[in-house]
Amino acid sequence: MAVKKLVQDLRVINNKRLNERHFLLELLAPEPLPAMFPGQFAQVRVEDSPDTFLRRPFSIHSANKENNSFQLFIQIKGAGTRSLSRLRQGDKLNVIYPLGNSFSLPTSDDALLIGGGCGIAPLLFLAQFFHRNNIHSTILLGFRTKQDIAGTEEYVKYGNLLLTTDDGSEGEKGLVTGHSIFQKENFGFRYIYCCGPEQMMKTVAHFAAIHQVNCEVSLENMMACGFGVCLCCVTPTDKGNERVCIEGPVFNTKRLKWI
Amino acid sequence: MVDLSINIAGLQFKNPVATASGTFGNGEEFLDFVSPDRLGGIFVKAVTGENRDGNAYPRMAETPSGMLNSVGLQNKGVDFFCREIYPRIKHFTTNIIVNVSGSTIEEYVEVAEKINELDQIPAIELNISCPNVRQGGMAFGVVPSVSMKVTSEVRKVYKKVLMVKLSPNVTNICDSAQAVVDGGADVITLINTLLGMAIDAERQRPVLATITGGLSGPAIKPVALRMVYQVYKSVSVPIIGLGGIMNATDAIEFILAGASAVQVGTANFIDPTISIKIIDGIKNYMERHKISSVKDFVGALKI
């Protein structure tokens, strides 16, 4: 990744509330966007309180080169995300981006993308990227309940969308990892891309190992800086402790001490 | 025209702003944000005798106006530093000061001896907040006689500027300061992090894998300022102050308290360009107050 990291004041051009817990921030850069790839993230400064001292990291949800804008898909969890949910059009936001590595292109012409919770955030960017590279995506997203479903209208433009809800109010009932796609006699995918709660990713990684399927996940370790110096966000790999913000957030699951 | 330069124990700093160990990598990691050549100095990440993998994750917790860390001195060891990192950074035209850490006095001495051989490294900063494995894990910096011993053993092998970074987790910071001066320190840097803890109430567990960790950020500034002030009055070696500096005003407060220079640490995570803004802010302050040279306002606090 030789692209220069930027520290920039961006303008909020849209803050779209999707449901009670999710919103979409669209941010305008003051200059042409740098090259950005799915899997990468941004470190966002939330300035109003002693309780939001550190930046908050969010995956790039989509990027629009013509507009010099990109989107963040955010789930409200605590003081920082609550504050960001109140941003208005025209507000300024200081962001460090683009950070981290990215998902790799499959060598097959199709792929399975799996997301749960706020882990779905990078998968739209990934589906758009695959679409541009003539790779067909099957996108499997899991939510708690029908009211929790957010942002899915966009995904159908880039692939085949499958849903699960814990309570069965939409799509298949149960966890993402229980979807019928995993029970098929012939699980056809050679490449899986997964982002969500750690337990979900571990279950998918295990499945991938058994079926000898290539699997990449995006990790969400707590980080102070986001650009490689604090050494707080490390995860153990086959090469020792690696930084989720530099050598990640995307890792091939073969390399993690999971299986 | 103000002169931002200052001479500290024979070492010339082009300005009184340096970056703290563990917050700026080796300087290379910040090249997209800051040109290292603009800084008065860079205190590089701690170097130990052997490779250390560091502590288990989670290694950090956000706290009000600060953060806890327990990274555990992850680094690839002194030989790797000399062979791989040093050649890449030695051309920076700033003072590159190596933070030396260890678990035994022998380890500190070994690292100091090897760093002594590097021509472009004018100083080391002895990190005595490390747990002493021979004394049940109690930090070297907590007992003055031990602080003096480790300083004097390193002094025997290290021929250039010896800085010692004090731990604030002591009863009397002036006793610590005097001990390292007696051991041969040329400069004192203070403070290191304060020992703290965070708990996740919902999971009913500590947040950090090591349970406790080091607190840094604006929350510790009043403690750091007080200690700089006290040490300045009690020893005659120059002081470099750090602890919660987020902007130029903070830095100036440390200088007024008695620091000849400052280190900016945790603030780099929030704004990676902050060190440059602080240099510019100090210059602006000096122009407004008609101070022509930094040494003119070191310790100028009016009591």
# chains A, B, ... in the order shown; residues from 1 in each chain; ligands from 1
>>> residues_around(residues="segment 143-153 of chain A", least_positions_apart="2", cutoff="6 Å", atoms="only C-alpha atoms", output="list in words")
Leu18, Tyr155, Val156, Thr165, Asp166, Asp167, Ser169 and Glu170 of chain A
>>> interface_residues(of="chain B", to="chain A", cutoff="8 Å", atoms="only C-alpha atoms", output="ChimeraX atom specification")
/B:22-25,29,32-33,53,57-60,62-66,69-71,74,268-272
>>> atom_distance(atom1="atom CA of Tyr285 of chain B", atom2="atom CA of Ala20 of chain B")
22.5 Å
>>> atom_distance(atom1="atom CA of Leu190 of chain B", atom2="atom CA of Ser129 of chain B")
11.0 Å
>>> closest_residue(among="B:Phe43, B:Tyr232, B:Phe297, B:Tyr86", to="Ile252 of chain B", atoms="only C-alpha atoms")
B:Phe297
>>> select_by_dssp(residues="segment 110-240 of chain B", states="helix (DSSP H, G or I)", output="PyMOL selection string")
chain B and resi 110-116+133-135+140-142+144-157+173-182+218-234
>>> residues_around(residues="Gln89 of chain A", least_positions_apart="6", cutoff="10 Å", atoms="only C-alpha atoms", output="number ranges by chain")
A: 11-16, 25-27
